[in-house]
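Engineer: What follows is upload_17.txt, compact mmCIF, C-alpha atoms.
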```
# COMPACT_ATOMS: atom_id res chain seq x y z
CA GLY L 1 95.08 91.48 44.56
CA GLN L 2 95.19 88.37 46.74
CA GLY L 3 93.13 89.62 49.66
CA SER L 4 89.48 90.49 50.12
CA SER L 5 90.41 94.16 50.62
CA VAL L 6 92.93 96.49 48.94
CA ALA L 7 93.99 97.95 52.30
CA ASN L 8 97.69 97.38 53.01
CA GLU L 9 98.23 96.14 49.46
CA ARG L 10 100.13 97.33 46.42
CA CYS L 11 99.26 95.37 43.31
CA PHE L 12 100.11 95.28 39.61
CA LEU L 13 97.63 93.40 37.42
CA LEU L 14 97.89 92.45 33.73
CA LEU L 15 94.93 91.03 31.78
CA PHE L 16 95.00 89.47 28.31
CA LYS L 17 92.22 88.16 26.07
CA THR L 18 92.40 86.89 22.48
CA HIS L 19 91.23 84.29 19.97
CA LEU L 20 93.75 81.61 19.03
CA PRO L 21 93.78 79.37 15.95
CA PHE L 22 91.23 76.52 15.77
CA TYR L 23 88.59 78.79 17.39
CA ILE L 24 90.17 78.62 20.85
CA HIS L 25 89.31 81.48 23.19
CA LEU L 26 92.05 82.54 25.61
CA VAL L 27 91.75 84.62 28.80
CA SER L 28 94.76 85.05 31.08
CA SER L 29 95.97 87.30 33.87
CA ALA L 30 99.05 87.87 35.99
CA SER L 31 99.37 89.91 39.16
CA TYR L 32 102.01 90.81 41.71
CA SER L 33 101.02 91.95 45.20
CA TYR L 34 103.10 93.47 47.99
CA TYR L 35 101.99 93.97 51.60
CA PRO L 36 104.22 96.49 53.39
CA THR L 37 102.86 95.81 56.89
CA LEU L 38 101.50 92.91 58.92
CA ARG L 39 98.26 91.14 57.98
CA TYR L 40 96.27 88.09 59.06
CA ASN L 41 98.54 85.09 59.61
CA VAL L 42 101.54 86.97 58.18
CA TYR L 43 103.45 88.89 60.85
CA ALA L 44 105.98 90.47 58.48
CA PRO L 45 105.99 92.35 55.16
CA SER L 46 105.14 89.87 52.39
CA SER L 47 104.45 89.48 48.68
CA GLY L 48 102.78 87.10 46.25
CA VAL L 49 102.01 86.34 42.61
CA ASP L 50 98.87 85.02 40.93
CA TYR L 51 98.73 83.57 37.40
CA TYR L 52 95.50 82.52 35.69
CA LEU L 53 94.83 80.83 32.33
CA ASP L 54 91.48 79.97 30.75
CA LEU L 55 91.16 78.12 27.42
CA SER L 56 87.77 77.27 25.90
CA LYS L 57 86.63 75.75 22.63
CA GLU L 58 83.36 74.50 21.17
CA ILE L 59 84.49 70.98 20.25
CA ALA L 60 81.13 69.91 18.81
CA HIS L 61 77.64 71.26 18.28
CA ASN L 62 76.36 72.56 21.64
CA THR L 63 79.42 71.12 23.43
CA LEU L 64 81.94 73.41 25.12
CA LEU L 65 85.26 72.28 26.59
CA GLU L 66 86.93 74.64 29.07
CA VAL L 67 90.27 74.22 30.85
CA LYS L 68 91.40 76.54 33.64
CA TYR L 69 94.73 76.69 35.44
CA ARG L 70 95.72 78.91 38.36
CA TYR L 71 99.03 79.27 40.17
CA LYS L 72 99.10 81.34 43.34
CA GLN L 73 102.20 82.00 45.43
CA SER L 74 101.96 83.74 48.79
CA GLN L 75 103.60 83.89 52.20
CA ARG L 76 102.40 82.99 55.69
CA ASN L 77 103.68 82.36 59.20
CA ARG L 78 105.68 79.20 59.66
CA PRO L 79 103.96 76.55 61.80
CA GLU L 80 105.01 76.99 65.45
CA GLN L 81 107.26 79.93 64.46
CA THR L 82 104.93 82.90 64.47
CA TYR L 83 107.42 85.60 63.49
CA GLN L 84 109.06 83.68 60.64
CA ILE L 85 107.30 83.35 57.30
CA GLU L 86 107.41 80.71 54.59
CA THR L 87 106.57 80.86 50.89
CA VAL L 88 103.73 78.58 49.82
CA ASN L 89 102.13 77.93 46.45
CA ARG L 90 98.78 76.56 45.39
CA GLN L 91 97.99 75.19 41.94
CA GLN L 92 94.57 74.26 40.62
CA LEU L 93 93.67 72.64 37.30
CA GLN L 94 90.04 72.37 36.20
CA ALA L 95 88.46 70.82 33.11
CA THR L 96 84.76 71.28 32.32
CA LEU L 97 82.60 69.71 29.61
CA ASP L 98 79.31 71.53 29.02
CA TYR L 99 76.83 69.75 26.76
CA ARG L 100 73.41 71.18 25.83
CA PRO L 101 71.53 68.71 23.60
CA SER L 102 68.46 70.97 23.53
CA GLN L 103 67.06 74.17 25.01
CA GLN L 104 65.57 72.17 27.88
CA TRP L 105 68.47 69.90 28.85
CA ARG L 106 72.02 70.61 30.05
CA MET L 107 74.74 68.19 31.17
CA LEU L 108 77.82 69.47 32.97
CA SER L 109 80.87 67.39 33.94
CA ARG L 110 83.91 68.72 35.79
CA VAL L 111 87.24 67.43 37.11
CA VAL L 112 89.34 69.51 39.53
CA TYR L 113 92.84 68.85 40.88
CA CYS L 114 94.49 71.04 43.53
CA ARG L 115 98.04 70.84 44.93
CA PHE L 116 99.46 72.85 47.83
CA ASN L 117 103.19 73.08 48.60
CA GLY L 118 104.95 74.72 51.53
CA GLU L 119 108.51 74.88 52.79
CA VAL L 120 107.79 72.91 55.98
CA ASP L 121 104.93 70.43 55.56
CA ASP L 122 104.49 67.75 52.92
CA PRO L 123 102.51 68.60 49.76
CA LYS L 124 98.73 68.38 50.02
CA ASN L 125 96.41 67.27 47.22
CA GLY L 126 92.73 67.61 46.46
CA PHE L 127 90.49 65.98 43.84
CA LEU L 128 86.90 66.68 42.80
CA VAL L 129 84.74 65.03 40.14
CA PHE L 130 81.07 65.83 39.54
CA HIS L 131 78.34 65.43 36.97
CA GLU L 132 75.23 67.59 36.84
CA ILE L 133 72.01 67.31 34.86
CA SER L 134 69.50 70.15 34.65
CA TRP L 135 66.20 70.61 32.87
CA ASN L 136 63.78 73.47 32.31
CA GLY L 137 60.41 73.36 30.64
CA LEU L 138 56.69 73.38 31.37
CA LEU L 139 54.62 71.38 33.83
CA PHE L 140 50.85 71.86 33.65
CA SER L 141 51.59 74.85 31.38
CA ARG L 142 53.68 76.51 34.11
CA PRO L 143 57.50 77.06 34.02
CA VAL L 144 59.61 74.59 36.01
CA THR L 145 63.36 74.03 36.44
CA ALA L 146 65.16 71.11 38.09
CA GLY L 147 68.74 70.04 38.63
CA LEU L 148 70.67 67.07 40.04
CA ARG L 149 74.40 66.86 40.86
CA LEU L 150 76.58 64.05 42.20
CA SER L 151 80.08 64.95 43.43
CA MET L 152 82.95 62.81 44.73
CA PHE L 153 85.98 64.38 46.38
CA ASP L 154 89.19 63.47 48.18
CA VAL L 155 90.99 66.42 49.80
CA ASP L 156 93.94 65.99 52.18
CA ASP L 157 93.34 69.01 54.41
CA TYR L 158 92.30 72.67 54.59
CA ASP L 159 95.26 73.95 52.56
CA ALA L 160 94.13 71.87 49.55
CA ARG L 161 90.44 72.73 49.96
CA ILE L 162 88.25 73.03 46.88
CA TYR L 163 85.31 75.40 46.46
CA SER L 164 82.52 74.34 44.12
CA TYR L 165 79.65 76.60 43.06
CA GLU L 166 76.19 75.05 43.38
CA ARG L 167 72.76 76.07 42.15
CA ASP L 168 70.65 77.28 45.04
CA LEU L 169 67.38 78.99 45.85
CA GLN L 170 66.78 82.49 44.62
CA TYR L 171 68.78 85.13 46.54
CA GLU L 172 70.85 82.29 48.08
CA TYR L 173 74.52 81.75 47.21
CA GLY L 174 75.98 78.27 47.49
CA VAL L 175 79.76 77.72 47.28
CA PRO L 176 80.54 74.91 49.74
CA MET L 177 84.10 74.16 50.77
CA LEU L 178 84.96 70.52 50.15
CA MET L 179 87.48 68.84 52.46
CA GLY L 180 88.15 65.27 53.49
CA ARG L 181 86.94 62.23 51.53
CA GLY L 182 83.33 61.76 50.62
CA MET L 183 80.39 62.33 48.36
CA ARG L 184 77.94 65.20 48.00
CA CYS L 185 74.73 65.32 46.01
CA PHE L 186 71.85 67.75 45.70
CA VAL L 187 68.48 68.06 44.00
CA VAL L 188 67.03 71.51 43.39
CA GLY L 189 63.82 72.61 41.70
CA ARG L 190 61.65 75.66 41.16
CA TYR L 191 58.04 75.73 40.03
CA SER L 192 55.83 78.71 39.19
CA ILE L 193 52.49 77.79 40.71
CA THR L 194 50.91 80.99 39.41
CA PRO L 195 52.37 84.07 37.70
CA ARG L 196 52.82 85.58 41.19
CA ILE L 197 53.69 82.53 43.34
CA THR L 198 56.87 80.45 42.99
CA LEU L 199 57.87 77.43 45.06
CA ALA L 200 61.51 76.29 45.29
CA LEU L 201 63.04 73.31 47.09
CA LYS L 202 66.59 72.01 47.58
CA TYR L 203 67.78 68.80 49.21
CA THR L 204 71.50 68.21 49.90
CA LEU L 205 73.25 65.11 51.23
CA SER L 206 76.92 65.02 52.26
CA TYR L 207 78.53 61.68 53.12
CA TYR L 208 81.96 61.21 54.78
CA PRO L 209 82.79 57.47 55.14
CA ASP L 210 85.94 58.07 57.24
CA GLN L 211 84.36 60.37 59.84
CA GLN L 212 82.36 59.72 63.02
CA THR L 213 81.02 63.29 63.23
CA VAL L 214 80.28 66.05 60.73
CA GLY L 215 80.73 69.76 61.44
CA SER L 216 81.79 71.44 64.67
CA GLY L 217 80.38 73.59 67.46
CA TYR L 218 76.63 74.11 67.31
CA GLU L 219 76.54 72.48 63.85
CA LYS L 220 78.21 69.25 64.97
CA ILE L 221 76.28 66.12 63.93
CA GLU L 222 76.91 62.61 65.20
CA GLY L 223 77.44 60.21 62.32
CA ASN L 224 79.00 60.51 58.87
CA LYS L 225 76.06 62.06 56.99
CA ARG L 226 74.72 65.59 56.82
CA GLN L 227 71.35 66.34 55.24
CA GLU L 228 69.89 69.75 54.51
CA ILE L 229 66.47 70.76 53.19
CA LYS L 230 65.61 74.27 52.03
CA ALA L 231 62.21 75.56 50.98
CA GLN L 232 61.23 78.94 49.60
CA LEU L 233 57.80 80.33 48.73
CA ARG L 234 58.00 83.64 46.92
CA MET L 235 54.96 85.84 46.34
CA ASN L 236 54.97 88.94 44.12
CA PHE L 237 52.42 91.64 44.88
```
Go ahead and express the file in the form of structure tokens.

Structural biologist:
Amino acid sequence: GQGSSVANERCFLLLFKTHLPFYIHLVSSASYSYYPTLRYNVYAPSSGVDYYLDLSKEIAHNTLLEVKYRYKQSQRNRPEQTYQIETVNRQQLQATLDYRPSQQWRMLSRVVYCRFNGEVDDPKNGFLVFHEISWNGLLFSRPVTAGLRLSMFDVDDYDARIYSYERDLQYEYGVPMLMGRGMRCFVVGRYSITPRITLALKYTLSYYPDQQTVGSGYEKIEGNKRQEIKAQLRMNF
């Protein structure tokens, strides 16, 4: 379905997976959801559809090209008219190039475009481009992994927001929401000091050239940069 819970939802889902000519792998899905009673930000019975398409092909040795497209139509309250709903749709197109020249190195490039349309407001657009390099090997005969990513984004507002999964520390889950115009980069690494002790570090920098502050509430920062440092020391007994 379209919500985080199946409560108050009736849904029909169809999944399809096959291999096309020229060694293209296809995964697609289509779903229809109906909500008989009120839910968050929708004060009337509503419905929606969700279409998903994923095409992938190994275009060269150790090089994978993947293209994803998603179309999602839903309903929500009209702005300033709480008890009237409008139909909105969100489309997202994503292309990823995954190159692994060796067992130690990996290079990942991605382009994302998002477009949001409603019946009242003007269309909203969002763009994301990033390149990531990661490496794993041995340092002083001990396993080590490291990764670096540079992202640039330009997102009109919350409706066109883009989520981008990031590598993080163990047992941490990083999927930041990108909004506004700016740049984001991170460096992450993990080193096994001994067979029982592992040290991991992550440094993240977010830069918003058009903003005077970053965040809100207790996380509000004066200026247009936000820096974050994480450290983790894990000991196995």

Engineer: Using only C-alpha atoms, which of L:Val120, L:Cys11, L:Met107, L:Val187 sits nearest Arg78 (chain L)?

Structural biologist: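 Closest candidate: L:Val120.
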
Engineer: Got a sec to check which residues sit within 8 Å of (100.4, 67.5, 44.8), counting all atoms listed in the file, and write them as a list in words?

Structural biologist: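 Protein and nucleic acid residues near the point are Cys114, Arg115, Phe116, Asn117, Pro123, Lys124, Asn125 and Gly126 of chain L.
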
Engineer: With all atoms listed in the file as the atoms that count, which of L:Glu66, L:Asp54, L:Asp157, L:Glu166 lies nearest to Arg181 (chain L)?

Structural biologist: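 Closest candidate: L:Asp157.
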
Engineer: Excluding Asn77 (chain L) and any residue of its chain fewer than 3 positions from it, enumerate the residues within 12 Å of it, using all atoms listed in the file, and give them as a list in words.

Structural biologist: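 Final neighbour list, sorted by chain and number: Leu38, Arg39, Tyr40, Asn41, Val42, Tyr43, Ala44, Pro45, Ser46, Ser74, Glu80, Gln81, Thr82, Tyr83, Gln84, Ile85, Glu86, Thr87, Val88, Gly118, Glu119 and Val120 of chain L.
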
Engineer: Within 7 Å of region 195-210 of chain L, counting only C-alpha atoms, which residues qualify if same-chain residues fewer than 6 places away don't, as a PDB file with C-alpha atoms, in the frame of the given file?

Structural biologist:
```pdb
ATOM      1  CA  LEU L 169      67.380  78.990  45.850  1.00  0.00           C
ATOM      2  CA  ARG L 181      86.940  62.230  51.530  1.00  0.00           C
ATOM      3  CA  GLY L 182      83.330  61.760  50.620  1.00  0.00           C
ATOM      4  CA  MET L 183      80.390  62.330  48.360  1.00  0.00           C
ATOM      5  CA  ARG L 184      77.940  65.200  48.000  1.00  0.00           C
ATOM      6  CA  CYS L 185      74.730  65.320  46.010  1.00  0.00           C
ATOM      7  CA  PHE L 186      71.850  67.750  45.700  1.00  0.00           C
ATOM      8  CA  VAL L 187      68.480  68.060  44.000  1.00  0.00           C
ATOM      9  CA  VAL L 188      67.030  71.510  43.390  1.00  0.00           C
ATOM     10  CA  GLY L 189      63.820  72.610  41.700  1.00  0.00           C
ATOM     11  CA  ASN L 224      79.000  60.510  58.870  1.00  0.00           C
ATOM     12  CA  LYS L 225      76.060  62.060  56.990  1.00  0.00           C
ATOM     13  CA  ARG L 226      74.720  65.590  56.820  1.00  0.00           C
ATOM     14  CA  GLN L 227      71.350  66.340  55.240  1.00  0.00           C
ATOM     15  CA  GLU L 228      69.890  69.750  54.510  1.00  0.00           C
ATOM     16  CA  ILE L 229      66.470  70.760  53.190  1.00  0.00           C
ATOM     17  CA  LYS L 230      65.610  74.270  52.030  1.00  0.00           C
ATOM     18  CA  ALA L 231      62.210  75.560  50.980  1.00  0.00           C
ATOM     19  CA  GLN L 232      61.230  78.940  49.600  1.00  0.00           C
ATOM     20  CA  LEU L 233      57.800  80.330  48.730  1.00  0.00           C
ATOM     21  CA  ARG L 234      58.000  83.640  46.920  1.00  0.00           C
ATOM     22  CA  MET L 235      54.960  85.840  46.340  1.00  0.00           C
ATOM     23  CA  ASN L 236      54.970  88.940  44.120  1.00  0.00           C
TER      24      ASN L 236
END
```

Engineer: Could you work out how far CA of Arg106 (chain L) lies from CA of Asn62 (chain L), giving the answer in Å with one decimal?

Structural biologist: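 About the pair CA of Asn62 (chain L) and CA of Arg106 (chain L): they are 9.7 Å apart.
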
Engineer: Using all atoms listed in the file, determine which residues lie at most 12 Å from region 160-164 of chain L, disregarding the query and same-chain residues fewer than 5 positions distant; provide the list as a PyMOL selection string.

Structural biologist: chain L and resi 88-94+110-118+122-130+149+151-155+173-181+184

Engineer: Now that the selection is made, can you save its residues with C-alpha atoms as an mmCIF file, in the frame of the given file?

Structural biologist:
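Output file result-v6.cif follows:
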```
data_model
loop_
_atom_site.group_PDB
_atom_site.id
_atom_site.type_symbol
_atom_site.label_atom_id
_atom_site.label_comp_id
_atom_site.auth_asym_id
_atom_site.auth_seq_id
_atom_site.Cartn_x
_atom_site.Cartn_y
_atom_site.Cartn_z
ATOM 1 C CA VAL L 88 103.730 78.580 49.820
ATOM 2 C CA ASN L 89 102.130 77.930 46.450
ATOM 3 C CA ARG L 90 98.780 76.560 45.390
ATOM 4 C CA GLN L 91 97.990 75.190 41.940
ATOM 5 C CA GLN L 92 94.570 74.260 40.620
ATOM 6 C CA LEU L 93 93.670 72.640 37.300
ATOM 7 C CA GLN L 94 90.040 72.370 36.200
ATOM 8 C CA ARG L 110 83.910 68.720 35.790
ATOM 9 C CA VAL L 111 87.240 67.430 37.110
ATOM 10 C CA VAL L 112 89.340 69.510 39.530
ATOM 11 C CA TYR L 113 92.840 68.850 40.880
ATOM 12 C CA CYS L 114 94.490 71.040 43.530
ATOM 13 C CA ARG L 115 98.040 70.840 44.930
ATOM 14 C CA PHE L 116 99.460 72.850 47.830
ATOM 15 C CA ASN L 117 103.190 73.080 48.600
ATOM 16 C CA GLY L 118 104.950 74.720 51.530
ATOM 17 C CA ASP L 122 104.490 67.750 52.920
ATOM 18 C CA PRO L 123 102.510 68.600 49.760
ATOM 19 C CA LYS L 124 98.730 68.380 50.020
ATOM 20 C CA ASN L 125 96.410 67.270 47.220
ATOM 21 C CA GLY L 126 92.730 67.610 46.460
ATOM 22 C CA PHE L 127 90.490 65.980 43.840
ATOM 23 C CA LEU L 128 86.900 66.680 42.800
ATOM 24 C CA VAL L 129 84.740 65.030 40.140
ATOM 25 C CA PHE L 130 81.070 65.830 39.540
ATOM 26 C CA ARG L 149 74.400 66.860 40.860
ATOM 27 C CA SER L 151 80.080 64.950 43.430
ATOM 28 C CA MET L 152 82.950 62.810 44.730
ATOM 29 C CA PHE L 153 85.980 64.380 46.380
ATOM 30 C CA ASP L 154 89.190 63.470 48.180
ATOM 31 C CA VAL L 155 90.990 66.420 49.800
ATOM 32 C CA TYR L 173 74.520 81.750 47.210
ATOM 33 C CA GLY L 174 75.980 78.270 47.490
ATOM 34 C CA VAL L 175 79.760 77.720 47.280
ATOM 35 C CA PRO L 176 80.540 74.910 49.740
ATOM 36 C CA MET L 177 84.100 74.160 50.770
ATOM 37 C CA LEU L 178 84.960 70.520 50.150
ATOM 38 C CA MET L 179 87.480 68.840 52.460
ATOM 39 C CA GLY L 180 88.150 65.270 53.490
ATOM 40 C CA ARG L 181 86.940 62.230 51.530
ATOM 41 C CA ARG L 184 77.940 65.200 48.000
#
```

Engineer: Please write all heavy atoms of region 182-195 of chain L, from the structure given just now, as a CSV table (one decimal), in the first residue's frame.

Structural biologist:
```csv
chain,number,residue,atom,x,y,z
L,182,GLY,N,21.8,22.9,-2.6
L,182,GLY,CA,23.1,22.8,-1.9
L,182,GLY,C,23.9,21.7,-2.3
L,182,GLY,O,23.8,21.1,-3.3
L,183,MET,N,24.8,21.3,-1.4
L,183,MET,CA,25.8,20.3,-1.6
L,183,MET,C,25.9,19.5,-0.3
L,183,MET,O,25.8,20.1,0.8
L,183,MET,CB,27.2,20.9,-2.0
L,183,MET,CG,28.2,19.8,-2.2
L,183,MET,SD,29.9,20.6,-2.5
L,183,MET,CE,30.2,21.1,-0.7
L,184,ARG,N,26.2,18.2,-0.4
L,184,ARG,CA,26.3,17.4,0.8
L,184,ARG,C,27.5,16.4,0.4
L,184,ARG,O,27.5,15.7,-0.6
L,184,ARG,CB,25.1,16.6,1.1
L,184,ARG,CG,25.2,15.7,2.3
L,184,ARG,CD,23.8,15.0,2.6
L,184,ARG,NE,23.9,14.0,3.7
L,184,ARG,CZ,23.7,14.3,4.9
L,184,ARG,NH1,23.4,15.5,5.3
L,184,ARG,NH2,23.7,13.3,5.8
L,185,CYS,N,28.4,16.2,1.4
L,185,CYS,CA,29.4,15.2,1.2
L,185,CYS,C,29.7,14.5,2.5
L,185,CYS,O,29.4,15.0,3.6
L,185,CYS,CB,30.7,15.9,0.7
L,185,CYS,SG,31.5,17.0,1.8
L,186,PHE,N,30.2,13.3,2.4
L,186,PHE,CA,30.6,12.5,3.6
L,186,PHE,C,31.7,11.6,3.3
L,186,PHE,O,32.0,11.2,2.2
L,186,PHE,CB,29.4,11.7,4.2
L,186,PHE,CG,29.0,10.5,3.4
L,186,PHE,CD1,29.7,9.3,3.5
L,186,PHE,CD2,28.0,10.5,2.5
L,186,PHE,CE1,29.4,8.2,2.8
L,186,PHE,CE2,27.6,9.4,1.7
L,186,PHE,CZ,28.3,8.2,1.9
L,187,VAL,N,32.5,11.4,4.4
L,187,VAL,CA,33.6,10.4,4.4
L,187,VAL,C,33.3,9.5,5.6
L,187,VAL,O,33.1,9.9,6.7
L,187,VAL,CB,34.9,11.1,4.6
L,187,VAL,CG1,36.1,10.1,4.6
L,187,VAL,CG2,35.2,12.2,3.6
L,188,VAL,N,33.4,8.2,5.3
L,188,VAL,CA,33.1,7.2,6.3
L,188,VAL,C,34.2,6.1,6.2
L,188,VAL,O,34.7,5.7,5.1
L,188,VAL,CB,31.7,6.6,6.1
L,188,VAL,CG1,31.5,5.9,4.7
L,188,VAL,CG2,31.4,5.6,7.2
L,189,GLY,N,34.6,5.6,7.3
L,189,GLY,CA,35.6,4.5,7.3
L,189,GLY,C,35.4,3.6,8.6
L,189,GLY,O,34.9,4.0,9.6
L,190,ARG,N,35.9,2.4,8.4
L,190,ARG,CA,35.9,1.4,9.5
L,190,ARG,C,37.2,0.6,9.5
L,190,ARG,O,37.6,0.1,8.4
L,190,ARG,CB,34.7,0.5,9.3
L,190,ARG,CG,34.5,-0.5,10.5
L,190,ARG,CD,33.2,-1.3,10.5
L,190,ARG,NE,33.2,-2.3,9.4
L,190,ARG,CZ,32.3,-2.3,8.5
L,190,ARG,NH1,31.4,-1.4,8.4
L,190,ARG,NH2,32.4,-3.3,7.5
L,191,TYR,N,37.8,0.4,10.6
L,191,TYR,CA,39.1,-0.3,10.7
L,191,TYR,C,39.0,-1.2,11.9
L,191,TYR,O,38.6,-0.9,13.0
L,191,TYR,CB,40.2,0.8,10.9
L,191,TYR,CG,41.6,0.1,11.1
L,191,TYR,CD1,42.1,-0.6,10.0
L,191,TYR,CD2,42.3,0.3,12.2
L,191,TYR,CE1,43.4,-1.2,10.1
L,191,TYR,CE2,43.6,-0.3,12.3
L,191,TYR,CZ,44.1,-1.0,11.3
L,191,TYR,OH,45.3,-1.6,11.4
L,192,SER,N,39.4,-2.5,11.6
L,192,SER,CA,39.5,-3.5,12.6
L,192,SER,C,40.9,-3.5,13.3
L,192,SER,O,41.9,-3.9,12.8
L,192,SER,CB,39.3,-4.9,12.0
L,192,SER,OG,38.0,-5.0,11.5
L,193,ILE,N,40.9,-2.8,14.5
L,193,ILE,CA,42.2,-2.7,15.2
L,193,ILE,C,42.7,-4.0,15.6
L,193,ILE,O,43.9,-4.3,15.5
L,193,ILE,CB,42.0,-1.8,16.4
L,193,ILE,CG1,41.4,-0.4,16.0
L,193,ILE,CG2,43.3,-1.6,17.2
L,193,ILE,CD1,41.1,0.5,17.1
L,194,THR,N,41.8,-4.8,16.2
L,194,THR,CA,42.1,-6.2,16.5
L,194,THR,C,40.9,-7.1,16.1
L,194,THR,O,39.9,-6.5,15.7
L,194,THR,CB,42.4,-6.4,18.0
L,194,THR,OG1,41.1,-6.2,18.7
L,194,THR,CG2,43.4,-5.3,18.6
L,195,PRO,N,41.0,-8.4,16.2
L,195,PRO,CA,39.9,-9.2,15.8
L,195,PRO,C,38.6,-8.9,16.6
L,195,PRO,O,37.5,-9.2,16.2
L,195,PRO,CB,40.4,-10.7,16.0
L,195,PRO,CG,41.9,-10.6,15.8
L,195,PRO,CD,42.3,-9.2,16.4
```
